[in-house]
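Undergrad: Right, I'll just put the structure down here and ask away after.
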Amino acid sequence: MLNDPAMSVVCDGGPLKAMQSSHSLTAQTTLSAQELSQEIKSFISGVDAVHGRKLSVREHARCAVRLLRSVPACREAVLEHLRGVYDEHVSAFLVNLETEGSSTSGGSSNLEDIIQEVHVVLSEFIRLNPRAWAPLVSTWAVDLLGQLSSKHAGRRVAPHSASLNELLQLWMSCAATRSLMEAYSQCLAAMLAWCPDACVDALLDTSVQHSPHFDWVVAHIGSAFPGTIISRVLACGLKDFCSHGAKDQGLLMMGMDKGNRIPKIGSVVGILGHLAAHHSESIRKELLRMFQESLSPSSPLSPTSSSTSWESSPQLRRSAVPFLLQLAAMSPNLFGAVSAELVEQLRPSILLQLQALLQGLPKEELENMLGLAVHLISQSPTGGARVLKFLADTATPASVIISGPTPSPHEGVREGCDRLLQMLLLHLHKLVFNRSDGAEVSPHSSASSQPQRVIPFLEELRSHVAQLCAETLRLERKRHLWLHQLLCLLAVYGGPSVATETLCQLLTQARNPEELALAWQLHTTLSSCMAGLIPAAVAHSVAQIHTHTLGPRQLKQLLLNLSIAIQSQDEDRKGGGAQSSMAVQVGSAVSGHLHDFCPLLLHSDADVSHATARLLSCSPLPRTSSPAHLLLLSRAAVTHFFMALRKRVEAGNVGRDGGQAGEAVNCSVLILSRFAAYSPLTLKAILQQLAEGALHKGNADLFGGQVADMSGAPVTNPSLSSDRGASLLDINCRFSTSVNFSGSVWSVFHAGVIGKGLKHRTASQHPDPAGVIWNIQTLLEVIVQCCTSSGLNGTPSPSDPDEPLPINAEAAKVIAVTLVESVCPDVANGELSWPPEEHARTTVERDIHIRRCFEAHPVLFPLLQVVAAGRPALCYCSAVLRGLMATLLAHWEASREASSTDSPWHLQASCLLVSCMGEGQLLPPVLANVHEAFPHLNPFEVRLLLLAVWEYVRGNGPLPQKFVFSSEKGMFCRDFSRDGDVARYVAPIHSVLHKNIDRLGHLCWRFQL
Amino acid sequence: MGDIRQSLLPRDVLSAAKELLYHLDIYICNLVQSGRQPPQVDSKTLDLIEEFILHAPKDRNAPARRMSALQELQLLEIMCSCFQEQSRDTVRQLMFSALFGLQGNAADESRMALLGKLVSMAVAMGRVPILECAATWLQRTHRVYCVRLAQVLVDDYCSMVPGSVPTLQNIHSASPRFCCQFITAVTTLYDLTTEELTPPIELLQMIVSWIQEDPRLVLITFLNTPLTGSQPINSLDVTPLGGLVRWCVKAPLAYKTDKKQTPTHERSENVPEVGPLFSTLHLSVLQVLMLLPNILNEKGLFGRMGLLQLDSLAALTSELSRLLDQADKHAHASDAHAAPQLALDRLAQALQVAKANGALLCSRGRNLEAVLFLFRPSRLGKVESKIKTVKMRKMLVKHASKLYPHFCIISVFSRINYFDFHSSNNVLLIHKLLEHCKQLVFLLLLNKSVC
């Protein structure tokens, strides 16, 4: 290399001095013609012409550089030769990388200095005369870069072409490619001023040629000159697109993407796609700018100084919109970048311009564009909802009533949008149904072999189902038709889940029958291709209820809609409508979820609970159901009943319109009676709970009850009660002194504390007596309805509908047992048969408790009457009756009043008690009639009569087995003739009659045997 | 000759071309020796050349064989030595014209490209025979192609490769004939109409130095060519004089606008002012014109052949009037009037000297009047009325008195027409003066009266 010292000195100094000025360059490179001729010979042959020695790569390259500087005619040959040199360097570089630098960088292969020299020379040339050199060098550099990057793409160290950053890193670390890249950048910077299209064209061409491997160059250049590259690339693409015309457009739209047919647009898309990673903002701006400028009316004196601006050509401007559509169709990235903002841009003025522009296009081209736009929208992964809203807004005919935020667009624009929307729907329709066809054609092949085609537009709308439903339900002119159709498509596309959700949404949001009809329309459409939609929808609603995602209003609406749906069944059954099957489906679906709905009966919102009541009252009951659910249901229903009663009372108090409250009670009654009729279990549960509930502290006041402490426990001191449970020791101490000996002789009657008078009774205000009566009546009505329903034994309904149904014995027994349990907690001495009267003193405390109960709860007597009607159920109340009787006996015995009427409650209680026992056939009619005489007697005589009753009952125990079912009456009866002689017990009665014959004469016939 | 095609086909591109060159050499030698007059290369040979050297696409189906740049360079090198080694001038000329004579077909493009490279390379390597051949080629070829060749050389040496101007400068000594033709082509090419058609400063310097050194250089083609009158149509002028005059006249106006557009050009620091260069050039042109009478007399052509063509002068005046128009528009600077004045000055001088020395033939000035009348009356009047200095009028008078009465008269005519619209008094006066006296005194009076 240093054999020729003079030459090497010249050359080594070259690059350095070249940087200084062109004068130094001229001074040293002037060679004589002879020398030049020698140089050319050496260059061509690769042999030193003087010494006849083979040139090394380095010397050869130096020779080339010298020729480049001195013989202009050689420049192409030199550049071609340098390709080889660069290639060699890249190879060496890669080999070095592959061997991990184990071989020390060989001097022969290290051509970095030569490349540096070449670079210096070239960059100086470009600097001095960009017009001449920049096009030449840029073409050369780009071509060489393309060649190098595709040639070495398969090398082991070369990363895969997809990993752009690694590629970029690798190539930029290589001196040769870096130098080329710099040279190209320099050319580009120089050329941008006067012919930017040319260099971008070259870039595009090369990019097409070496497609994936060349991408790093484009990416690098693009990020170095983002603004210009993007706009230039777009301009080039537009020009190319324009010259290709619309004939290829159709092909592309059909999906036959022939990359080689439209080379430019493909690489435009590729390049922009790369740049989109880092410069999406400017790309978006550029695309939007293109769009806007293509629309703005042409100004002949355009201020843009760019000589190649496409804005000046009307033809290019016209094809800008199709071009943008095409671009978007080819690159989801770009489309995504633009679509969001594009919709914002489409204001009425812009739309008018767009229309004006597009009017000039031929019909088929317009069709193509329309198709393309539809395709794009259907493929748009984001912003679909906005696009849809925009389209629907624009396409909705202007109306006087509905005045949107934007002024109504031009009629032509509206029609265009209308058309677009319809085509979109048609297209989606095709997509959706072809897609499912495809799936059906090959049912045996798995889904992976034929993946279901995704429709991004619908994908995205899946999350907007709720809004869509709301929009649809606004029932605006044509709009709801479109949206409804779209919802259908969406449901079919999304499969059962979306369909279910849509239906649910409609059910939740519909506010009147017209709106609800949309839901049924949807269902009719979908039912053909989807089974079990309604059950799924109901299940989904239930899930929503469970997760509390619905607000009270929605919840109420949903429940009401469901009940309306079910009720339509009844109407249709009469009219034989088409909806009946659906109503049946809804009914059966709801019936399966009754237990899920029943907690809503107790919802804090009155409307919700009322709606639930309506739903439950009209919903059919399930065929089978688990006991747990039934219990839950009945409990909820009973609770709701009491709540409804209370509501009614409150509504009455306030003077509000009690219509809803009354209706709620009716519903509740209906629910209870239906449930009770459903199964023995529910009947029992309901009756038990009703009875318990009626006596419960919380509800007692509804039925005129007083909340009094029933236990014999001492009244808790107010001062003590304030710190209840403060000290265990304290409680234990008190416990020892106040241990409850109830039931024993030693019980202490806590009538009061000595010295403080009688225990103070909390004086409860009696609410409205009329209300109380009404409530009691309602309660009785429920209970009677439950008891008479044919639930238990399947007793046939009586032939005469006017005659009230007999009370079911079993049901009555349930009530009886419940009453006993609530009124008489002490089960000691609980046997049915009565002891001698004297034994009653052993149970004084219990008896007093029982009496107090009756005092506190007026509703007990009516209940007892119900029980009595359901013979022989009253037998089970024996303990209660006995307790009450005992206290009454004690009272009358102790009474020193002149007449029984002086203690009215006891008189009334005695009368009711005896009449009940008579009704319940615990007493023969003769004895049962004694209560008629009570008001006319003095207390002692009342006691005598009651004692006679006691004696009878003691003699003829109140046992259920004494009752026999009489089939003609349809109820149990007792044959008193089997029992002992009644006359024995009637004697005291007759004595009393005799004694008071002046007053009781009219009653004598009642006591004839 | 045509039968060697089959042997050439299988060979690779370069060796086929080499082989063909070899055979061509032999064929032309034989042709010359056979003494047939005129020696004519047959069309088959030309076809072979097009196919194997120029690689013109023969028909659409056949894939075009192309040489790589390196192979092309080798071919050029071989051609260089081939022409260099050929001792006989006739053979060389025939061969050159066989290779590069334009045939008016599709191969002309590649022919021109190859010729450009060959000549450029010959310039670099100082291959005189090729340059001589090229000079002949330039004489015989349509000026459009000549201009293209010149463009290639100028691009190569003046713009592409910095510092290679001296190489081009050497052609003056190597082949004055080529140099002269080159100047003609260059002046035809750069007509100063647009920025791109303005000669690079290096080129200008070079040409000025050539002519300054040896004014006769301009006339070499004229001197060496037997004037048979069989000049091919639309070939270059015999001398570059017309083009040079155009340069000198238009330069003040053309460069003015140029400079205004790019006031801070990168290169303007090191670049000498063009004004002096054109002044020098103008002087040289005038000197050359002064040489003419002797030469023309020697040839016996004085008064029979004009080296300046009237029609080109007409074109020049019309362009000049356009430029003056533009200059009017931009005339705000204080020195704005100097340039139009200089341009008119040079035109007047050149015309006068050419007329006097027989380079411009016009019968009793009538043709010239016609030419100069292209300065529309309003034009000249406008210029003068704008330039309200006594200097201009003095100059006019001076010129009129000393050099060119014709011009003076013309301007008087134009004056008359101009003032026609303004003042009838003046018109009457001028009329009267013009009727009676064509001498200087009256013209002077005329001027004073206008003032």
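To be explicit about the labels: the chains of the structure tokens are called A, B, and onward in the order shown, and within each one the residues are counted from 1, while ligands get numbers from 1 in the order they are shown.
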Write out as number ranges by chain which residues come within 12 Å of Asp89 of chain B when counting only C-alpha atoms, dropping same-chain ones fewer than 4 positions away.
TA: B: 28-29, 32, 83-85, 93-96, 128-130, 132-133, 136
Undergrad: Could you save those same residues with C-alpha atoms as a PDB file, in the first residue's frame?
TA:
ATOM      1  CA  ILE B  28     -12.899   0.844 -43.050  1.00  0.00           C
ATOM      2  CA  CYS B  29      -9.267   0.450 -43.956  1.00  0.00           C
ATOM      3  CA  VAL B  32     -10.528   3.522 -47.988  1.00  0.00           C
ATOM      4  CA  PHE B  83      -8.473   6.216 -32.384  1.00  0.00           C
ATOM      5  CA  GLN B  84      -5.138   7.173 -30.991  1.00  0.00           C
ATOM      6  CA  GLU B  85      -3.342   4.357 -32.737  1.00  0.00           C
ATOM      7  CA  GLN B  93     -12.940  10.214 -39.451  1.00  0.00           C
ATOM      8  CA  LEU B  94     -14.901   7.530 -41.193  1.00  0.00           C
ATOM      9  CA  MET B  95     -14.851   5.372 -38.164  1.00  0.00           C
ATOM     10  CA  PHE B  96     -15.938   8.215 -35.920  1.00  0.00           C
ATOM     11  CA  VAL B 128      -6.155  14.916 -29.748  1.00  0.00           C
ATOM     12  CA  PRO B 129      -7.377  12.677 -32.606  1.00  0.00           C
ATOM     13  CA  ILE B 130     -10.689  12.176 -30.917  1.00  0.00           C
ATOM     14  CA  GLU B 132     -10.355  16.577 -33.919  1.00  0.00           C
ATOM     15  CA  CYS B 133     -12.947  14.057 -34.976  1.00  0.00           C
ATOM     16  CA  THR B 136     -15.669  17.751 -37.378  1.00  0.00           C
TER      17      THR B 136
END
Undergrad: Up to 12 Å from chain A, what residues of chain B turn up? Count only C-alpha atoms and give them as a VMD selection string.
TA: chain B and resid 67 to 78 80 to 81 113 to 128 152 to 171 174 196 200 265 to 267 270 to 271
Undergrad: Just give me the gap between atom CA of Ile229 of chain A and atom CA of Gln353 of chain A in Å, one decimal is fine.
TA: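 One can read the atom CA of Ile229 of chain A to atom CA of Gln353 of chain A distance as 28.1 Å.
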Undergrad: Looking at B:Gln341, B:Gln37, B:Ser279, B:Thr193, which one is nearest to Leu316 of chain B, with distances taken over only C-alpha atoms?
TA: B:Thr193
Undergrad: Do you have the atom CA of Cys146 of chain B-atom CA of Pro199 of chain B distance handy?
TA: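 Taking atom CA of Cys146 of chain B as the start and atom CA of Pro199 of chain B as the end point, the length is 16.0 Å.
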Undergrad: Give me the residues near segment 210-218 of chain B as a PyMOL selection string, where near means some atom within 9 Å (using only C-alpha atoms) and where sequence neighbours in that chain fewer than 3 positions away do not count.
TA: chain B and resi 169+172+176-177+179-181+183-184+205-207+221-222+239-241+280-281+283-285+287-288+291
Undergrad: With only C-alpha atoms as the basis for distance, which of B:Leu203, B:Ala56, B:Cys82, B:Ser43 is at the shortest distance from His23 of chain B?
TA: B:Cys82
Undergrad: Using Å and a single decimal, report how far atom CA of Arg984 of chain A sits from atom CA of Gly870 of chain A.
TA: 28.2 Å
Undergrad: Excluding Pro552 of chain A and residues on its chain fewer than 4 positions from it, collect all residues at most 7 Å away from it, counting only C-alpha atoms, and give them as a list in words.
TA: Lys556, Asp605 and Val608 of chain A
Undergrad: Write out as a ChimeraX atom specification the residues lying within 10 Å of Lys389 of chain A, counting only C-alpha atoms and excluding same-chain residues fewer than 5 positions away.
TA: /A:343,383-384,394-395,468,471,483
Undergrad: Any chance you can output those residues with all heavy atoms as an mmCIF file, in the first residue's frame?
TA:
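Final output, saved to part-v7.cif:
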data_model
loop_
_atom_site.group_PDB
_atom_site.id
_atom_site.type_symbol
_atom_site.label_atom_id
_atom_site.label_comp_id
_atom_site.auth_asym_id
_atom_site.auth_seq_id
_atom_site.Cartn_x
_atom_site.Cartn_y
_atom_site.Cartn_z
ATOM 1 N N VAL A 343 -63.948 12.371 11.648
ATOM 2 C CA VAL A 343 -65.375 12.554 11.919
ATOM 3 C C VAL A 343 -65.612 13.934 12.504
ATOM 4 O O VAL A 343 -66.593 14.609 12.186
ATOM 5 C CB VAL A 343 -65.853 11.460 12.876
ATOM 6 C CG1 VAL A 343 -67.286 11.708 13.246
ATOM 7 C CG2 VAL A 343 -65.730 10.118 12.208
ATOM 8 N N GLY A 383 -63.637 4.009 17.213
ATOM 9 C CA GLY A 383 -64.410 5.181 16.784
ATOM 10 C C GLY A 383 -65.665 4.831 16.034
ATOM 11 O O GLY A 383 -66.307 5.708 15.470
ATOM 12 N N GLY A 384 -65.992 3.559 16.002
ATOM 13 C CA GLY A 384 -67.188 3.148 15.276
ATOM 14 C C GLY A 384 -68.430 3.823 15.805
ATOM 15 O O GLY A 384 -69.296 4.233 15.036
ATOM 16 N N THR A 394 -76.451 12.803 10.638
ATOM 17 C CA THR A 394 -76.510 13.512 9.374
ATOM 18 C C THR A 394 -77.618 12.972 8.497
ATOM 19 O O THR A 394 -78.248 13.707 7.752
ATOM 20 C CB THR A 394 -75.169 13.374 8.643
ATOM 21 O OG1 THR A 394 -74.136 13.507 9.601
ATOM 22 C CG2 THR A 394 -75.010 14.429 7.599
ATOM 23 N N ALA A 395 -77.841 11.695 8.592
ATOM 24 C CA ALA A 395 -78.817 11.102 7.690
ATOM 25 C C ALA A 395 -80.239 11.246 8.192
ATOM 26 O O ALA A 395 -81.174 11.074 7.439
ATOM 27 C CB ALA A 395 -78.498 9.631 7.497
ATOM 28 N N LEU A 468 -76.582 2.337 22.138
ATOM 29 C CA LEU A 468 -77.350 2.061 20.930
ATOM 30 C C LEU A 468 -78.801 1.789 21.274
ATOM 31 O O LEU A 468 -79.713 2.283 20.610
ATOM 32 C CB LEU A 468 -76.767 0.845 20.214
ATOM 33 C CG LEU A 468 -75.510 1.103 19.395
ATOM 34 C CD1 LEU A 468 -75.025 -0.181 18.779
ATOM 35 C CD2 LEU A 468 -75.815 2.104 18.311
ATOM 36 N N GLU A 471 -80.482 4.952 22.104
ATOM 37 C CA GLU A 471 -80.753 5.731 20.902
ATOM 38 C C GLU A 471 -81.945 5.161 20.149
ATOM 39 O O GLU A 471 -82.810 5.885 19.663
ATOM 40 C CB GLU A 471 -79.531 5.692 19.985
ATOM 41 C CG GLU A 471 -78.392 6.536 20.480
ATOM 42 C CD GLU A 471 -78.577 7.971 20.061
ATOM 43 O OE1 GLU A 471 -78.795 8.202 18.865
ATOM 44 O OE2 GLU A 471 -78.553 8.857 20.930
ATOM 45 N N LEU A 483 -80.960 1.789 13.533
ATOM 46 C CA LEU A 483 -80.271 1.311 14.727
ATOM 47 C C LEU A 483 -80.803 -0.059 15.125
ATOM 48 O O LEU A 483 -80.057 -0.922 15.585
ATOM 49 C CB LEU A 483 -80.450 2.310 15.861
ATOM 50 C CG LEU A 483 -79.715 3.616 15.621
ATOM 51 C CD1 LEU A 483 -79.925 4.549 16.772
ATOM 52 C CD2 LEU A 483 -78.240 3.369 15.437
#
Undergrad: Could you give me, as a ChimeraX atom specification, the residues within 9 Å of Leu307 of chain B, counting only C-alpha atoms and dropping anything in the same chain fewer than 2 positions from it?
TA: /B:237-239,241-242,305,309,354,358-361
